[in-house]
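What follows is upload25.cif (mmCIF, C-alpha atoms).
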```cif
data_input
#
loop_
_atom_site.group_PDB
_atom_site.id
_atom_site.type_symbol
_atom_site.label_atom_id
_atom_site.label_comp_id
_atom_site.auth_asym_id
_atom_site.auth_seq_id
_atom_site.Cartn_x
_atom_site.Cartn_y
_atom_site.Cartn_z
ATOM 1 C CA MET A 13 7.359 24.593 31.723
ATOM 2 C CA ALA A 14 5.644 24.890 28.335
ATOM 3 C CA ASP A 15 8.909 24.800 26.393
ATOM 4 C CA GLU A 16 9.613 21.359 27.819
ATOM 5 C CA HIS A 17 6.584 19.936 26.048
ATOM 6 C CA PRO A 18 6.735 18.684 22.437
ATOM 7 C CA TYR A 19 5.797 21.133 19.703
ATOM 8 C CA SER A 20 3.571 18.523 18.058
ATOM 9 C CA VAL A 21 1.595 15.710 19.700
ATOM 10 C CA ALA A 22 -0.983 13.082 18.751
ATOM 11 C CA ASP A 23 -3.897 12.557 21.148
ATOM 12 C CA ARG A 24 -5.580 9.238 21.993
ATOM 13 C CA GLU A 25 -7.785 9.491 18.886
ATOM 14 C CA GLY A 26 -4.825 10.197 16.625
ATOM 15 C CA GLU A 27 -5.620 13.864 16.112
ATOM 16 C CA GLY A 28 -2.615 16.129 15.792
ATOM 17 C CA TRP A 29 -2.032 19.200 17.957
ATOM 18 C CA LEU A 30 0.570 21.939 17.502
ATOM 19 C CA ARG A 31 1.984 24.198 20.221
ATOM 20 C CA ASN A 32 1.339 27.293 18.130
ATOM 21 C CA GLY A 33 -1.357 29.099 20.120
ATOM 22 C CA SER A 34 -1.007 32.082 22.392
ATOM 23 C CA ASN A 35 1.097 31.487 25.517
ATOM 24 C CA SER A 36 2.365 28.173 24.095
ATOM 25 C CA THR A 37 -1.064 26.555 24.031
ATOM 26 C CA TYR A 38 -2.016 23.725 21.662
ATOM 27 C CA THR A 39 -4.379 24.038 18.711
ATOM 28 C CA THR A 40 -5.527 21.944 15.762
ATOM 29 C CA TYR A 41 -5.631 25.004 13.503
ATOM 30 C CA PRO A 42 -7.557 25.445 11.278
ATOM 31 C CA ARG A 43 -9.869 22.921 12.972
ATOM 32 C CA THR A 44 -11.322 24.115 16.299
ATOM 33 C CA ASP A 45 -14.324 21.829 16.893
ATOM 34 C CA ILE A 46 -12.386 19.442 19.176
ATOM 35 C CA GLY A 47 -10.793 22.150 21.303
ATOM 36 C CA ASP A 48 -8.549 25.137 20.946
ATOM 37 C CA GLU A 49 -5.904 27.031 22.925
ATOM 38 C CA LEU A 50 -5.343 24.232 25.469
ATOM 39 C CA THR A 51 -2.342 23.942 27.728
ATOM 40 C CA TYR A 52 -0.443 20.665 27.613
ATOM 41 C CA GLU A 53 -1.965 19.664 30.951
ATOM 42 C CA GLN A 54 -5.506 20.506 29.779
ATOM 43 C CA LEU A 55 -4.990 18.606 26.542
ATOM 44 C CA ASP A 56 -3.550 15.579 28.340
ATOM 45 C CA THR A 57 -6.498 15.524 30.744
ATOM 46 C CA ALA A 58 -9.110 15.923 28.015
ATOM 47 C CA ARG A 59 -7.605 13.829 25.208
ATOM 48 C CA GLY A 60 -4.597 11.949 26.601
ATOM 49 C CA PRO A 61 -2.529 9.945 26.662
ATOM 50 C CA LEU A 62 -0.477 12.094 24.312
ATOM 51 C CA ARG A 63 2.375 10.912 22.086
ATOM 52 C CA PRO A 64 5.033 13.213 20.660
ATOM 53 C CA VAL A 65 5.228 13.567 16.893
ATOM 54 C CA GLY A 66 8.766 13.119 15.653
ATOM 55 C CA LEU A 67 10.951 12.029 12.783
ATOM 56 C CA MET A 68 10.559 8.702 11.060
ATOM 57 C CA ASP A 69 12.846 6.100 12.619
ATOM 58 C CA ARG A 70 15.806 5.530 10.296
ATOM 59 C CA ALA A 71 15.485 1.756 10.388
ATOM 60 C CA ASP A 72 11.763 1.963 9.608
ATOM 61 C CA SER A 73 12.385 4.439 6.795
ATOM 62 C CA ALA A 74 15.059 2.152 5.319
ATOM 63 C CA ALA A 75 12.782 -0.876 5.596
ATOM 64 C CA LEU A 76 10.019 0.935 3.704
ATOM 65 C CA THR A 77 12.388 2.226 1.030
ATOM 66 C CA ASP A 78 14.025 -1.180 0.506
ATOM 67 C CA ALA A 79 10.701 -3.032 0.359
ATOM 68 C CA LEU A 80 9.162 -0.599 -2.119
ATOM 69 C CA SER A 81 12.331 -0.524 -4.221
ATOM 70 C CA ALA A 82 12.174 -4.311 -4.480
ATOM 71 C CA ALA A 83 8.561 -4.048 -5.676
ATOM 72 C CA GLY A 84 9.591 -2.260 -8.901
ATOM 73 C CA LYS A 85 6.624 -1.025 -10.931
ATOM 74 C CA LYS A 86 4.308 -2.357 -8.231
ATOM 75 C CA ALA A 87 5.844 -0.049 -5.601
ATOM 76 C CA THR A 88 3.273 2.759 -5.649
ATOM 77 C CA ALA A 89 0.302 0.402 -5.784
ATOM 78 C CA THR A 90 1.798 -1.595 -2.922
ATOM 79 C CA LEU A 91 2.181 1.508 -0.743
ATOM 80 C CA LEU A 92 -1.397 2.602 -1.463
ATOM 81 C CA VAL A 93 -2.811 -0.824 -0.569
ATOM 82 C CA ALA A 94 -0.697 -0.929 2.596
ATOM 83 C CA LEU A 95 -1.979 2.501 3.623
ATOM 84 C CA ASN A 96 -5.576 1.480 2.957
ATOM 85 C CA ARG A 97 -5.353 -1.802 4.849
ATOM 86 C CA THR A 98 -3.605 -0.185 7.788
ATOM 87 C CA ALA A 99 -6.353 2.448 7.899
ATOM 88 C CA ARG A 100 -8.985 -0.300 7.821
ATOM 89 C CA THR A 101 -7.239 -2.097 10.684
ATOM 90 C CA LEU A 102 -7.406 1.073 12.766
ATOM 91 C CA ILE A 103 -11.073 1.613 11.934
ATOM 92 C CA ASP A 104 -11.931 -2.017 12.785
ATOM 93 C CA ASP A 105 -10.208 -1.545 16.147
ATOM 94 C CA GLY A 106 -12.226 1.597 16.836
ATOM 95 C CA ALA A 107 -9.301 3.968 16.259
ATOM 96 C CA SER A 108 -9.101 7.016 14.018
ATOM 97 C CA VAL A 109 -7.171 7.393 10.761
ATOM 98 C CA ALA A 110 -6.331 10.927 11.930
ATOM 99 C CA VAL A 111 -3.097 9.478 13.276
ATOM 100 C CA PHE A 112 -1.718 9.394 9.724
ATOM 101 C CA THR A 113 -1.835 13.188 9.623
ATOM 102 C CA ALA A 114 -0.999 14.076 13.233
ATOM 103 C CA GLY A 115 2.255 15.754 12.255
ATOM 104 C CA ARG A 116 0.630 18.287 9.922
ATOM 105 C CA PRO A 117 -3.030 18.490 10.999
ATOM 106 C CA GLY A 118 -3.902 21.653 9.095
ATOM 107 C CA SER A 119 -1.787 21.180 5.963
ATOM 108 C CA TRP A 120 -2.971 20.434 2.439
ATOM 109 C CA GLU A 121 -0.828 17.282 2.479
ATOM 110 C CA ALA A 122 -2.702 16.070 5.554
ATOM 111 C CA SER A 123 -6.078 16.893 4.017
ATOM 112 C CA LEU A 124 -5.200 15.084 0.797
ATOM 113 C CA LEU A 125 -3.793 12.001 2.547
ATOM 114 C CA ARG A 126 -6.746 11.738 4.903
ATOM 115 C CA GLY A 127 -9.425 12.487 2.331
ATOM 116 C CA GLU A 128 -8.172 10.682 -0.771
ATOM 117 C CA ILE A 129 -4.792 8.914 -0.645
ATOM 118 C CA LEU A 130 -5.765 6.509 2.149
ATOM 119 C CA TRP A 131 -8.613 5.181 0.027
ATOM 120 C CA LEU A 132 -6.919 4.789 -3.364
ATOM 121 C CA GLY A 133 -5.816 1.261 -2.459
ATOM 122 C CA GLU A 134 -9.384 0.084 -1.911
ATOM 123 C CA ASP A 135 -9.888 -1.344 -5.415
ATOM 124 C CA ILE A 136 -6.324 -2.171 -6.479
ATOM 125 C CA ALA A 137 -6.178 -5.791 -7.655
ATOM 126 C CA ASN A 138 -3.822 -8.246 -5.959
ATOM 127 C CA ASN A 139 -1.844 -8.822 -9.162
ATOM 128 C CA ARG A 140 -0.773 -5.157 -9.091
ATOM 129 C CA VAL A 141 0.758 -5.535 -5.627
ATOM 130 C CA ASP A 142 4.031 -7.098 -4.473
ATOM 131 C CA GLY A 143 3.064 -9.511 -1.680
ATOM 132 C CA PRO A 144 6.355 -9.641 0.294
ATOM 133 C CA ALA A 145 6.730 -5.851 0.097
ATOM 134 C CA LEU A 146 3.118 -5.377 1.200
ATOM 135 C CA ASP A 147 3.671 -7.450 4.345
ATOM 136 C CA ILE A 148 6.743 -5.398 5.280
ATOM 137 C CA VAL A 149 5.156 -2.015 4.555
ATOM 138 C CA ARG A 150 1.968 -2.834 6.461
ATOM 139 C CA ALA A 151 3.939 -3.987 9.501
ATOM 140 C CA VAL A 152 6.078 -0.846 9.518
ATOM 141 C CA LEU A 153 3.097 1.482 9.020
ATOM 142 C CA LEU A 154 1.175 -0.153 11.862
ATOM 143 C CA LYS A 155 4.227 0.182 14.104
ATOM 144 C CA MET A 156 4.501 3.864 13.187
ATOM 145 C CA VAL A 157 0.896 4.766 13.943
ATOM 146 C CA THR A 158 0.755 2.871 17.239
ATOM 147 C CA GLY A 159 4.291 3.357 18.605
ATOM 148 C CA PRO A 160 5.502 5.690 21.363
ATOM 149 C CA VAL A 161 6.490 8.385 18.843
ATOM 150 C CA GLN A 162 4.173 9.258 15.940
ATOM 151 C CA PRO A 163 6.124 10.032 12.749
ATOM 152 C CA GLU A 164 4.930 12.726 10.361
ATOM 153 C CA LEU A 165 3.473 10.743 7.451
ATOM 154 C CA ALA A 166 1.439 13.091 5.256
ATOM 155 C CA GLU A 167 4.540 14.629 3.716
ATOM 156 C CA GLY A 168 7.070 12.047 4.861
ATOM 157 C CA LEU A 169 5.644 9.145 2.857
ATOM 158 C CA ALA A 170 5.449 11.239 -0.308
ATOM 159 C CA PHE A 171 9.105 12.165 0.164
ATOM 160 C CA LEU A 172 10.010 8.517 0.783
ATOM 161 C CA LEU A 173 8.206 7.502 -2.411
ATOM 162 C CA GLY A 174 10.282 10.121 -4.189
ATOM 163 C CA GLN A 175 13.437 8.450 -2.881
ATOM 164 C CA VAL A 176 12.222 5.115 -4.213
ATOM 165 C CA ALA A 177 11.589 6.669 -7.627
ATOM 166 C CA GLU A 178 15.016 8.299 -7.603
ATOM 167 C CA ARG A 179 16.611 4.956 -6.808
ATOM 168 C CA ALA A 180 14.651 3.323 -9.642
ATOM 169 C CA GLY A 181 15.507 6.098 -12.102
ATOM 170 C CA SER A 182 12.045 7.532 -12.786
ATOM 171 C CA TRP A 183 8.453 7.845 -11.592
ATOM 172 C CA ASP A 184 7.327 5.457 -14.347
ATOM 173 C CA ALA A 185 9.667 2.779 -12.988
ATOM 174 C CA ILE A 186 7.630 2.484 -9.765
ATOM 175 C CA THR A 187 4.120 3.218 -11.057
ATOM 176 C CA ASP A 188 1.796 1.043 -13.149
ATOM 177 C CA ARG A 189 -0.293 2.368 -16.043
ATOM 178 C CA TRP A 190 -3.440 2.716 -13.940
ATOM 179 C CA LEU A 191 -1.757 5.034 -11.441
ATOM 180 C CA ALA A 192 0.594 6.944 -13.743
ATOM 181 C CA ASN A 193 -1.899 9.776 -14.262
ATOM 182 C CA ASN A 194 -3.940 9.521 -11.057
ATOM 183 C CA GLU A 195 -4.722 13.121 -10.115
ATOM 184 C CA PRO A 196 -4.719 12.879 -6.284
ATOM 185 C CA LEU A 197 -1.503 10.860 -6.421
ATOM 186 C CA GLN A 198 0.079 13.422 -8.726
ATOM 187 C CA ARG A 199 -0.809 16.233 -6.328
ATOM 188 C CA TRP A 200 0.499 14.317 -3.311
ATOM 189 C CA THR A 201 3.870 13.587 -4.905
ATOM 190 C CA ALA A 202 4.220 16.720 -7.048
ATOM 191 C CA ALA A 203 6.845 18.330 -4.826
ATOM 192 C CA TYR A 204 9.105 15.286 -5.042
ATOM 193 C CA ARG A 205 9.101 14.311 -8.687
ATOM 194 C CA LEU A 206 9.236 15.601 -12.258
ATOM 195 C CA MET A 207 6.544 14.109 -14.446
ATOM 196 C CA ASN A 208 7.877 11.421 -16.843
ATOM 197 C CA GLN A 209 11.491 12.296 -16.045
ATOM 198 C CA PRO A 210 14.172 10.758 -13.869
ATOM 199 C CA TYR A 211 14.487 12.457 -10.494
ATOM 200 C CA GLY A 212 17.000 15.254 -10.653
ATOM 201 C CA ALA A 213 16.692 15.702 -14.427
ATOM 202 C CA ALA A 214 16.560 19.244 -15.747
ATOM 203 C CA GLU A 215 13.117 20.391 -16.845
ATOM 204 C CA SER A 216 12.829 20.696 -20.604
#
```

Now that the file is in, can you turn its structure into structure tokens?
Amino acid sequence: MADEHPYSVADREGEGWLRNGSNSTYTTYPRTDIGDELTYEQLDTARGPLRPVGLMDRADSAALTDALSAAGKKATATLLVALNRTARTLIDDGASVAVFTAGRPGSWEASLLRGEILWLGEDIANNRVDGPALDIVRAVLLKMVTGPVQPELAEGLAFLLGQVAERAGSWDAITDRWLANNEPLQRWTAAYRLMNQPYGAAES
């Protein structure tokens, strides 16, 4: 039965599909060029194997948070470089970076992550990155995008970065001067931080 199928799935190319069409069919709304209104069986035949999209594994989430917390002011730069290098690994292997946004295929967070955030780490110098943290974050990200369950990352990673900032006491404590006012980064994390204030501080 349709209700037995996951609400959200990632196809073999990493594209996300939601069971939000008529009669419990799957769509990539607002995108329709790769198919629309497909049953689970039709989608699996055309673009399988399918993986369910689910919550971030608690151990993986803790590993990311701990590694980035240990990176201090290099935390944000380290995450951006890890995202970029993981995306490049997928591309080199012939896979799609769509998998990063499978959980929210039509959202603005997904569009921003896929179009801009994944590429911010391209030109970040090595001395702005924490090496041990980078190794951990890259390994966890690669596990997430290739494992049996695809976590939602477009919003989830921004929220996780917010937790790291809260632990550190402020956004400035995890961001270097080159990224402090980066506009795409500000938009991505806007819902989870208060500019130049500790997390949880009252707005002035």

### Task
Tell me which residues the PyMOL selection byres ((chain A and resi 200) around 9) grabs here, as a list in words.
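Evaluating the PyMOL selection byres ((chain A and resi 200) around 9) on this file yields Glu121, Leu124, Leu125, Ile129, Ala166, Glu167, Ala170, Glu195, Pro196, Leu197, Gln198, Arg199, Thr201, Ala202, Ala203 and Tyr204 of chain A.
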
Shell of 12 Å around A:Ser123, all atoms listed in the file, local chain residues under 3 positions omitted, as an mmCIF file with C-alpha atoms, keeping the file's coordinate frame:
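What follows is the written file result_0.cif:
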```cif
data_model
loop_
_atom_site.group_PDB
_atom_site.id
_atom_site.type_symbol
_atom_site.label_atom_id
_atom_site.label_comp_id
_atom_site.auth_asym_id
_atom_site.auth_seq_id
_atom_site.Cartn_x
_atom_site.Cartn_y
_atom_site.Cartn_z
ATOM 1 C CA PRO A 42 -7.557 25.445 11.278
ATOM 2 C CA ARG A 43 -9.869 22.921 12.972
ATOM 3 C CA VAL A 109 -7.171 7.393 10.761
ATOM 4 C CA ALA A 110 -6.331 10.927 11.930
ATOM 5 C CA PHE A 112 -1.718 9.394 9.724
ATOM 6 C CA THR A 113 -1.835 13.188 9.623
ATOM 7 C CA ALA A 114 -0.999 14.076 13.233
ATOM 8 C CA GLY A 115 2.255 15.754 12.255
ATOM 9 C CA ARG A 116 0.630 18.287 9.922
ATOM 10 C CA PRO A 117 -3.030 18.490 10.999
ATOM 11 C CA GLY A 118 -3.902 21.653 9.095
ATOM 12 C CA SER A 119 -1.787 21.180 5.963
ATOM 13 C CA TRP A 120 -2.971 20.434 2.439
ATOM 14 C CA ARG A 126 -6.746 11.738 4.903
ATOM 15 C CA GLY A 127 -9.425 12.487 2.331
ATOM 16 C CA GLU A 128 -8.172 10.682 -0.771
ATOM 17 C CA ILE A 129 -4.792 8.914 -0.645
ATOM 18 C CA LEU A 130 -5.765 6.509 2.149
ATOM 19 C CA LEU A 165 3.473 10.743 7.451
ATOM 20 C CA ALA A 166 1.439 13.091 5.256
ATOM 21 C CA GLU A 167 4.540 14.629 3.716
ATOM 22 C CA PRO A 196 -4.719 12.879 -6.284
ATOM 23 C CA ARG A 199 -0.809 16.233 -6.328
ATOM 24 C CA TRP A 200 0.499 14.317 -3.311
#
```

### Query
Could you work out how far atom CA of A:Asp188 lies from atom CA of A:Ser73, giving the answer in Å with one decimal?
22.8 Å

### Task
Identify, on the basis of only C-alpha atoms, every residue whose closest approach to stretch 88-97 of chain A does not exceed 8 Å; exclude the query and any residue fewer than 2 positions from it along the same chain; express the result as number ranges by chain.
A: 80, 83, 85-86, 99-101, 129-134, 136, 140-142, 145-146, 149-150, 153, 173, 186-188, 191

### Task
Give as a ChimeraX atom specification the residues that the PyMOL selection byres ((chain A and resi 50) around 7) matches when applied to the coordinates above.
/A:37-39,48-49,51-52,54-55

Quick one: write out the picked residues with C-alpha atoms as a compact mmCIF listing (two decimals), in the coordinates of the input?
```
# COMPACT_ATOMS: atom_id res chain seq x y z
CA THR A 37 -1.06 26.56 24.03
CA TYR A 38 -2.02 23.72 21.66
CA THR A 39 -4.38 24.04 18.71
CA ASP A 48 -8.55 25.14 20.95
CA GLU A 49 -5.90 27.03 22.92
CA THR A 51 -2.34 23.94 27.73
CA TYR A 52 -0.44 20.66 27.61
CA GLN A 54 -5.51 20.51 29.78
CA LEU A 55 -4.99 18.61 26.54
```

### Message
Around the point (7.9, 10.8, 15.0) (coordinates from the file), which residues reach within 12 Å if we count all atoms listed in the file? Answer as JSON, numbers by chain.
### Response
{"A": [18, 19, 20, 21, 22, 28, 63, 64, 65, 66, 67, 68, 69, 70, 72, 73, 111, 112, 113, 114, 115, 116, 155, 156, 157, 158, 159, 160, 161, 162, 163, 164, 165, 166, 168]}

### Query
Between A:Asp78, A:Glu16, A:Asn139, A:Trp183, which is the closest to A:Arg31 once you count all atoms listed in the file?
A:Glu16

### Message
Let me make sure I understand: among A:Gly174, A:Gly181, A:Gly47, A:Pro144, which one has the smallest atom-to-atom distance to A:Ala82 if we use all atoms listed in the file?
### Response
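Nearest to A:Ala82: A:Pro144.
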
#### Entry: Distance of atom CA of A:Gly60 from atom CA of A:Ile103, expressed in Å to one decimal place
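Separation between atom CA of A:Ile103 and atom CA of A:Gly60: 19.1 Å.
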
#### Entry: A:Ser108 surroundings by all atoms listed in the file, 7 Å radius, close-in-sequence under 6 positions cut, as a PyMOL selection string
chain A and resi 25-26+102

### Query
By how many Å are atom CA of A:Leu62 and atom CA of A:Ile46 apart?
14.9 Å
